[in-house]
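*Asks:* Provided below: entry.cif, containing mmCIF, C-alpha atoms.
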data_target
#
loop_
_atom_site.label_atom_id
_atom_site.label_comp_id
_atom_site.auth_asym_id
_atom_site.auth_seq_id
_atom_site.Cartn_x
_atom_site.Cartn_y
_atom_site.Cartn_z
CA MET L 28 -46.91 -11.16 -30.33
CA LYS L 29 -49.04 -10.17 -27.36
CA LEU L 30 -51.68 -12.09 -25.47
CA THR L 31 -55.27 -10.93 -25.85
CA ASP L 32 -57.96 -10.75 -23.16
CA GLN L 33 -59.37 -13.95 -24.63
CA HIS L 34 -56.02 -15.66 -24.16
CA ILE L 35 -55.89 -14.52 -20.54
CA GLU L 36 -59.36 -15.91 -19.89
CA GLN L 37 -58.28 -19.19 -21.47
CA LEU L 38 -55.30 -19.29 -19.11
CA TYR L 39 -57.60 -18.81 -16.11
CA LYS L 40 -59.72 -21.68 -17.39
CA PHE L 41 -56.56 -23.75 -17.91
CA THR L 42 -55.51 -23.28 -14.26
CA ARG L 43 -58.98 -24.25 -13.05
CA GLN L 44 -58.86 -27.39 -15.18
CA HIS L 45 -55.62 -28.28 -13.42
CA TYR L 46 -57.21 -28.11 -9.97
CA VAL L 47 -56.25 -24.58 -8.95
CA GLU L 48 -59.45 -23.37 -7.30
CA HIS L 49 -58.38 -20.14 -5.59
CA TYR L 50 -58.50 -16.93 -7.61
CA ASP L 51 -55.34 -15.43 -6.08
CA VAL L 52 -53.26 -18.49 -6.99
CA GLN L 53 -54.84 -18.61 -10.44
CA THR L 54 -53.87 -14.98 -11.01
CA GLU L 55 -50.28 -15.60 -9.97
CA LEU L 56 -50.01 -18.57 -12.31
CA VAL L 57 -51.72 -16.74 -15.19
CA ASP L 58 -49.26 -13.85 -14.86
CA HIS L 59 -46.36 -16.29 -14.94
CA LEU L 60 -47.72 -18.24 -17.90
CA ALA L 61 -48.57 -15.07 -19.84
CA ASN L 62 -45.07 -13.62 -19.44
CA ASP L 63 -43.45 -16.94 -20.31
CA ILE L 64 -45.65 -17.48 -23.37
CA GLU L 65 -44.69 -14.06 -24.74
CA GLN L 66 -41.02 -14.90 -24.22
CA ILE L 67 -41.51 -18.21 -26.02
CA TRP L 68 -43.17 -16.41 -28.94
CA LYS L 69 -40.19 -14.10 -29.27
CA LYS L 70 -38.00 -17.13 -29.93
CA LYS L 71 -40.57 -19.20 -31.81
CA PRO L 72 -43.25 -16.88 -33.24
CA THR L 73 -44.76 -19.64 -35.39
CA LEU L 74 -46.09 -21.55 -32.37
CA THR L 75 -49.80 -21.42 -31.70
CA PHE L 76 -51.11 -20.16 -28.36
CA LYS L 77 -51.87 -23.72 -27.24
CA GLN L 78 -48.41 -24.95 -28.22
CA ALA L 79 -46.71 -22.09 -26.39
CA ARG L 80 -48.96 -22.58 -23.36
CA ASP L 81 -48.21 -26.30 -23.17
CA LYS L 82 -44.50 -25.62 -23.57
CA SER L 83 -44.65 -23.21 -20.65
CA PHE L 84 -46.73 -25.60 -18.55
CA LYS L 85 -44.15 -28.38 -18.96
CA LYS L 86 -41.68 -26.24 -17.05
CA PHE L 87 -43.72 -26.85 -13.91
CA GLY L 88 -42.71 -30.51 -13.99
CA VAL L 89 -44.67 -33.73 -13.60
CA PHE L 90 -46.76 -32.37 -10.72
CA GLY L 91 -47.92 -29.36 -12.69
CA PHE L 92 -49.22 -26.53 -10.50
CA MET L 93 -49.33 -28.68 -7.36
CA ASP L 94 -45.99 -27.43 -5.98
CA VAL L 95 -47.08 -23.81 -6.42
CA VAL L 96 -50.41 -24.47 -4.67
CA GLU L 97 -48.67 -26.22 -1.77
CA GLU L 98 -46.21 -23.37 -1.38
CA LYS L 99 -49.06 -20.83 -1.30
CA GLN L 100 -50.84 -22.97 1.29
CA LYS L 101 -47.73 -22.84 3.49
CA GLN L 102 -47.49 -19.07 3.08
CA LEU L 103 -51.16 -18.46 3.84
CA GLY L 104 -51.11 -20.96 6.70
CA LYS L 105 -48.26 -18.98 8.24
CA LYS L 106 -50.19 -15.75 7.64
CA TYR L 107 -53.31 -17.18 9.31
CA ARG L 108 -51.37 -18.45 12.33
CA LYS L 109 -49.77 -15.01 12.71
CA VAL L 110 -53.22 -13.39 12.74
CA LEU L 111 -54.50 -16.01 15.19
CA TRP L 112 -51.55 -15.49 17.54
CA LYS L 113 -52.09 -11.71 17.42
CA TYR L 114 -55.63 -12.10 18.79
CA VAL L 115 -54.68 -14.84 21.27
CA LYS L 116 -52.07 -12.57 22.87
CA GLU L 117 -54.76 -9.96 23.52
CA TRP L 118 -56.41 -12.35 25.98
CA PHE L 119 -53.29 -12.28 28.13
CA LYS L 120 -53.15 -8.49 28.36
CA LEU L 121 -55.28 -6.16 30.41
CA PRO L 122 -58.22 -5.89 30.56
CA LYS L 123 -58.95 -9.26 28.88
CA THR L 124 -56.48 -11.13 31.05
CA ILE L 125 -58.89 -10.64 33.97
CA PHE L 126 -61.55 -12.63 32.11
CA THR L 127 -58.99 -15.26 31.04
CA THR L 128 -57.79 -15.70 34.60
CA SER L 129 -61.38 -15.92 35.87
CA ILE L 130 -62.18 -18.75 33.43
CA PHE L 131 -59.01 -20.59 34.45
CA LEU L 132 -59.69 -20.24 38.19
CA LEU L 133 -63.32 -21.28 37.75
CA PHE L 134 -62.32 -24.50 36.05
CA TYR L 135 -59.59 -25.09 38.62
CA TYR L 136 -62.11 -24.65 41.45
CA PHE L 137 -64.52 -27.19 39.97
CA MET L 138 -61.66 -29.65 39.55
CA GLN L 139 -61.30 -29.61 43.35
CA VAL L 140 -64.92 -30.49 44.22
CA SER L 141 -66.71 -33.82 43.90
CA VAL L 142 -69.20 -32.69 41.24
CA GLY L 143 -66.55 -30.77 39.37
CA ILE L 144 -66.00 -33.41 36.71
CA TYR L 145 -69.70 -33.20 35.75
CA VAL L 146 -69.57 -29.42 35.53
CA VAL L 147 -66.46 -29.61 33.35
CA GLY L 148 -68.04 -32.33 31.22
CA PHE L 149 -71.17 -30.25 30.69
CA SER L 150 -69.01 -27.23 29.81
CA LEU L 151 -67.17 -29.28 27.20
CA PHE L 152 -70.43 -30.57 25.74
CA THR L 153 -71.78 -27.02 25.50
CA LEU L 154 -68.57 -25.82 23.87
CA ALA L 155 -68.67 -28.67 21.34
CA VAL L 156 -72.29 -27.84 20.41
CA LEU L 157 -71.44 -24.16 20.00
CA ASP L 158 -68.43 -25.08 17.87
CA LEU L 159 -70.65 -27.18 15.62
CA TYR L 160 -73.15 -24.33 15.28
CA PHE L 161 -70.55 -21.73 14.36
CA VAL L 162 -68.64 -24.03 11.99
CA THR L 163 -71.89 -24.79 10.14
CA LYS L 164 -72.75 -21.09 10.04
CA LEU L 165 -69.31 -20.16 8.66
CA LYS L 166 -69.53 -22.88 6.02
CA LYS L 167 -72.86 -21.49 4.79
CA GLU L 168 -71.47 -17.95 4.74
CA PHE L 169 -68.40 -19.08 2.79
CA ASN L 170 -70.57 -20.84 0.20
CA LYS L 171 -72.75 -17.71 -0.07
CA ARG L 172 -69.69 -15.50 -0.59
CA THR L 173 -68.33 -17.85 -3.25
CA ARG L 174 -71.61 -17.95 -5.17
CA LYS L 175 -72.02 -14.18 -4.99
CA ASN L 176 -68.48 -13.23 -6.03
CA ASN L 177 -67.77 -16.31 -8.14
CA LYS L 178 -64.24 -16.36 -6.71
CA LYS L 179 -62.45 -18.14 -3.90
CA TRP L 180 -59.41 -16.67 -2.17
CA MET L 181 -57.02 -18.93 -0.29
CA LEU L 182 -56.86 -16.71 2.81
CA GLU L 183 -60.66 -16.49 2.77
CA ASP L 184 -60.74 -20.29 2.72
CA TYR L 185 -58.54 -20.37 5.82
CA ILE L 186 -60.69 -17.80 7.62
CA PHE L 187 -64.00 -19.59 7.02
CA ASN L 188 -63.01 -23.25 6.76
CA VAL L 189 -59.88 -23.80 8.82
CA ALA L 190 -61.62 -23.01 12.12
CA SER L 191 -61.88 -26.42 13.73
CA PHE L 192 -63.97 -28.10 16.38
CA GLY L 193 -61.72 -27.07 19.27
CA GLY L 194 -64.23 -28.03 21.92
CA ALA L 195 -65.07 -31.36 20.30
CA MET L 196 -61.41 -32.30 19.90
CA VAL L 197 -60.61 -31.53 23.51
CA ALA L 198 -63.76 -33.30 24.72
CA SER L 199 -62.75 -36.48 22.88
CA ASN L 200 -59.30 -36.56 24.52
CA LEU L 201 -60.00 -35.36 28.05
CA PRO L 202 -61.73 -38.55 29.37
CA GLN L 203 -58.40 -40.36 29.31
CA LEU L 204 -56.78 -37.47 31.15
CA PHE L 205 -59.64 -37.38 33.67
CA ASN L 206 -59.22 -41.10 34.29
CA HIS L 207 -55.50 -40.72 34.83
CA ILE L 208 -55.96 -37.82 37.24
CA GLU L 209 -58.66 -39.68 39.23
CA LYS L 210 -56.21 -42.53 39.77
CA ASN L 211 -53.32 -40.17 40.42
CA PRO L 212 -54.83 -37.00 41.92
CA SER L 213 -52.60 -33.93 41.92
CA HIS L 214 -52.84 -30.17 41.66
CA VAL L 215 -50.72 -30.36 38.52
CA GLY L 216 -53.39 -32.40 36.74
CA ALA L 217 -56.14 -29.96 37.73
CA LEU L 218 -54.01 -27.04 36.60
CA LEU L 219 -53.33 -28.75 33.26
CA ILE L 220 -57.00 -29.45 32.54
CA SER L 221 -58.00 -25.92 33.57
CA LEU L 222 -55.34 -24.46 31.28
CA VAL L 223 -56.36 -26.65 28.30
CA LEU L 224 -60.03 -25.76 28.72
CA THR L 225 -59.30 -22.04 29.02
CA LEU L 226 -57.12 -22.05 25.90
CA THR L 227 -59.73 -24.09 24.02
CA ILE L 228 -62.46 -21.53 24.77
CA ILE L 229 -60.20 -18.67 23.66
CA TYR L 230 -59.13 -20.52 20.51
CA SER L 231 -62.70 -21.40 19.55
CA TYR L 232 -63.96 -17.85 20.10
CA ILE L 233 -61.16 -16.29 18.05
CA THR L 234 -61.31 -18.72 15.12
CA LEU L 235 -65.09 -18.98 14.96
CA VAL L 236 -66.15 -15.43 15.82
CA VAL L 237 -63.40 -12.81 15.94
CA ILE L 238 -61.39 -13.58 12.79
CA PRO L 239 -64.42 -14.24 10.52
CA LYS L 240 -65.89 -10.86 11.58
CA LYS L 241 -62.67 -9.20 10.42
CA ALA L 242 -62.55 -11.15 7.13
CA GLU L 243 -63.05 -8.14 4.84
CA LYS L 244 -60.31 -6.11 6.50
CA LEU L 245 -57.86 -9.03 6.47
CA LEU L 246 -58.58 -9.85 2.82
CA GLU L 247 -58.22 -6.24 1.68
CA GLU L 248 -54.94 -5.90 3.58
CA HIS L 249 -53.49 -9.06 2.04
CA TYR L 250 -54.94 -8.66 -1.47
CA PRO L 251 -54.76 -5.06 -2.77
CA GLU L 252 -56.95 -6.10 -5.71
CA TYR L 253 -59.62 -7.77 -3.54
CA ARG L 254 -62.04 -4.84 -3.40
CA LEU L 255 -61.60 -4.17 -7.13
CA VAL L 256 -62.73 -7.64 -8.16
CA ASN L 257 -65.27 -7.95 -5.31
CA PRO L 258 -67.10 -4.60 -5.28
CA THR L 259 -70.14 -6.23 -3.68
CA ALA L 260 -68.24 -8.39 -1.19
CA ILE L 261 -70.13 -9.09 1.99
#
Go ahead and express the file in the form of structure tokens.
*Replies:*
Amino acid sequence: MKLTDQHIEQLYKFTRQHYVEHYDVQTELVDHLANDIEQIWKKKPTLTFKQARDKSFKKFGVFGFMDVVEEKQKQLGKKYRKVLWKYVKEWFKLPKTIFTTSIFLLFYYFMQVSVGIYVVGFSLFTLAVLDLYFVTKLKKEFNKRTRKNNKKWMLEDYIFNVASFGGAMVASNLPQLFNHIEKNPSHVGALLISLVLTLTIIYSYITLVVIPKKAEKLLEEHYPEYRLVNPTAI
């Protein structure tokens, strides 16, 4: 006995009902369930589709599809970090390393002058505001993509929603470091702050601008079927 297209659609609905929201993970689970159901029918052909489906689902254990989802999250998280690291390394190679070094030295210079802390503080505030703007923009774009294509891909979720408030996070932690350095002034402290700020700017730019702009290319490279099921993807 073979599964029909209607059965396959029911399996997709079944995965969604069990809190699997990403289309790529749904597809992987549907393929597994479909193959297993057909094997079950070979041994017990009198079972209904629902009975065979439930029998197959029980093999996932008490947590259902959760373990599969978590494993995919780990895989895609590793994939995203690999992409991120690829673009970060570019900022430490010519010609971009010149700009990176200039940012670092500029911050280091201001850490040596009396008004430097205000300049750095204003820079952090500006960065935090820009982070907020781009995060909000990416969230809107992600929601638009989801409504248009009626599908969510886990890597796409990482690209548009994982990007964090790098500037805001650093801004919230630096006051303590500033206070410590004021009480214990040293070149090491100034170097550390300059390095953190430089890396924060690079991180924010890559996660909020560079990677989202390359979303289509990254998704098509990772999912061969992406363009087929998203012919009108943005």
*Asks:* Skip L:Asp58 itself and residues of its chain fewer than 4 positions away, then list as a list in words all residues within 12 Å of it, counting all atoms listed in the file.
*Replies:*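 Those residues are Leu30, His34, Ile35, Glu36, Leu38, Tyr39, Thr42, Asp51, Val52, Gln53, Thr54, Asn62, Asp63, Ile64, Glu65 and Ser83 of chain L.
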*Asks:* Rank nothing, just name the residue among L:Met28, L:Val140, L:Met93, L:Leu245 nearest to L:Ala61, using all atoms listed in the file.
*Replies:* L:Met28
*Asks:* Which one is closest to L:Val95: L:Leu56, L:Leu132, L:Val215, L:Val115? Count only C-alpha atoms.
*Replies:* L:Leu56
*Asks:* Considering all atoms listed in the file, can you say which of L:Phe152, L:Tyr50, L:Tyr136, L:Phe87 comes closest to L:Met181?
*Replies:*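 Smallest separation from L:Met181 among the options: L:Tyr50.
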*Asks:* Please evaluate the PyMOL selection byres ((chain L and resi 225) around 12) against the displayed coordinates and give the resulting residues as a ChimeraX atom specification.
*Replies:* /L:115,118-119,124,126-135,147,150-151,154,193-194,197,218-224,226-232
*Asks:* Restrict the selected residues to C-alpha atoms and save them as a PDB file, in the coordinates of the input.
*Replies:*
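Dumped to part_34.pdb:
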ATOM      1  CA  VAL L 115     -54.680 -14.840  21.270  1.00  0.00           C
ATOM      2  CA  TRP L 118     -56.410 -12.350  25.980  1.00  0.00           C
ATOM      3  CA  PHE L 119     -53.290 -12.280  28.130  1.00  0.00           C
ATOM      4  CA  THR L 124     -56.480 -11.130  31.050  1.00  0.00           C
ATOM      5  CA  PHE L 126     -61.550 -12.630  32.110  1.00  0.00           C
ATOM      6  CA  THR L 127     -58.990 -15.260  31.040  1.00  0.00           C
ATOM      7  CA  THR L 128     -57.790 -15.700  34.600  1.00  0.00           C
ATOM      8  CA  SER L 129     -61.380 -15.920  35.870  1.00  0.00           C
ATOM      9  CA  ILE L 130     -62.180 -18.750  33.430  1.00  0.00           C
ATOM     10  CA  PHE L 131     -59.010 -20.590  34.450  1.00  0.00           C
ATOM     11  CA  LEU L 132     -59.690 -20.240  38.190  1.00  0.00           C
ATOM     12  CA  LEU L 133     -63.320 -21.280  37.750  1.00  0.00           C
ATOM     13  CA  PHE L 134     -62.320 -24.500  36.050  1.00  0.00           C
ATOM     14  CA  TYR L 135     -59.590 -25.090  38.620  1.00  0.00           C
ATOM     15  CA  VAL L 147     -66.460 -29.610  33.350  1.00  0.00           C
ATOM     16  CA  SER L 150     -69.010 -27.230  29.810  1.00  0.00           C
ATOM     17  CA  LEU L 151     -67.170 -29.280  27.200  1.00  0.00           C
ATOM     18  CA  LEU L 154     -68.570 -25.820  23.870  1.00  0.00           C
ATOM     19  CA  GLY L 193     -61.720 -27.070  19.270  1.00  0.00           C
ATOM     20  CA  GLY L 194     -64.230 -28.030  21.920  1.00  0.00           C
ATOM     21  CA  VAL L 197     -60.610 -31.530  23.510  1.00  0.00           C
ATOM     22  CA  LEU L 218     -54.010 -27.040  36.600  1.00  0.00           C
ATOM     23  CA  LEU L 219     -53.330 -28.750  33.260  1.00  0.00           C
ATOM     24  CA  ILE L 220     -57.000 -29.450  32.540  1.00  0.00           C
ATOM     25  CA  SER L 221     -58.000 -25.920  33.570  1.00  0.00           C
ATOM     26  CA  LEU L 222     -55.340 -24.460  31.280  1.00  0.00           C
ATOM     27  CA  VAL L 223     -56.360 -26.650  28.300  1.00  0.00           C
ATOM     28  CA  LEU L 224     -60.030 -25.760  28.720  1.00  0.00           C
ATOM     29  CA  LEU L 226     -57.120 -22.050  25.900  1.00  0.00           C
ATOM     30  CA  THR L 227     -59.730 -24.090  24.020  1.00  0.00           C
ATOM     31  CA  ILE L 228     -62.460 -21.530  24.770  1.00  0.00           C
ATOM     32  CA  ILE L 229     -60.200 -18.670  23.660  1.00  0.00           C
ATOM     33  CA  TYR L 230     -59.130 -20.520  20.510  1.00  0.00           C
ATOM     34  CA  SER L 231     -62.700 -21.400  19.550  1.00  0.00           C
ATOM     35  CA  TYR L 232     -63.960 -17.850  20.100  1.00  0.00           C
TER      36      TYR L 232
END
*Asks:* Which of these, L:Lys171, L:Lys244, L:Lys70, L:Lys99, has the shortest distance to L:Val47 once you count all atoms listed in the file?
*Replies:*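 Residue with the minimum atom-to-atom distance to L:Val47: L:Lys99.
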*Asks:* What gap, in Å, lies between atom CA of L:Ala79 and atom CA of L:Glu55?
*Replies:*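 Taking atom CA of L:Ala79 as the start and atom CA of L:Glu55 as the end point, the length is 18.0 Å.
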*Asks:* For each of L:Pro72, L:Asn257, L:Lys123, L:Gly91, take the minimum atom-to-atom distance to L:Arg174, counting all atoms listed in the file, then give the residue where this is smallest.
*Replies:* L:Asn257
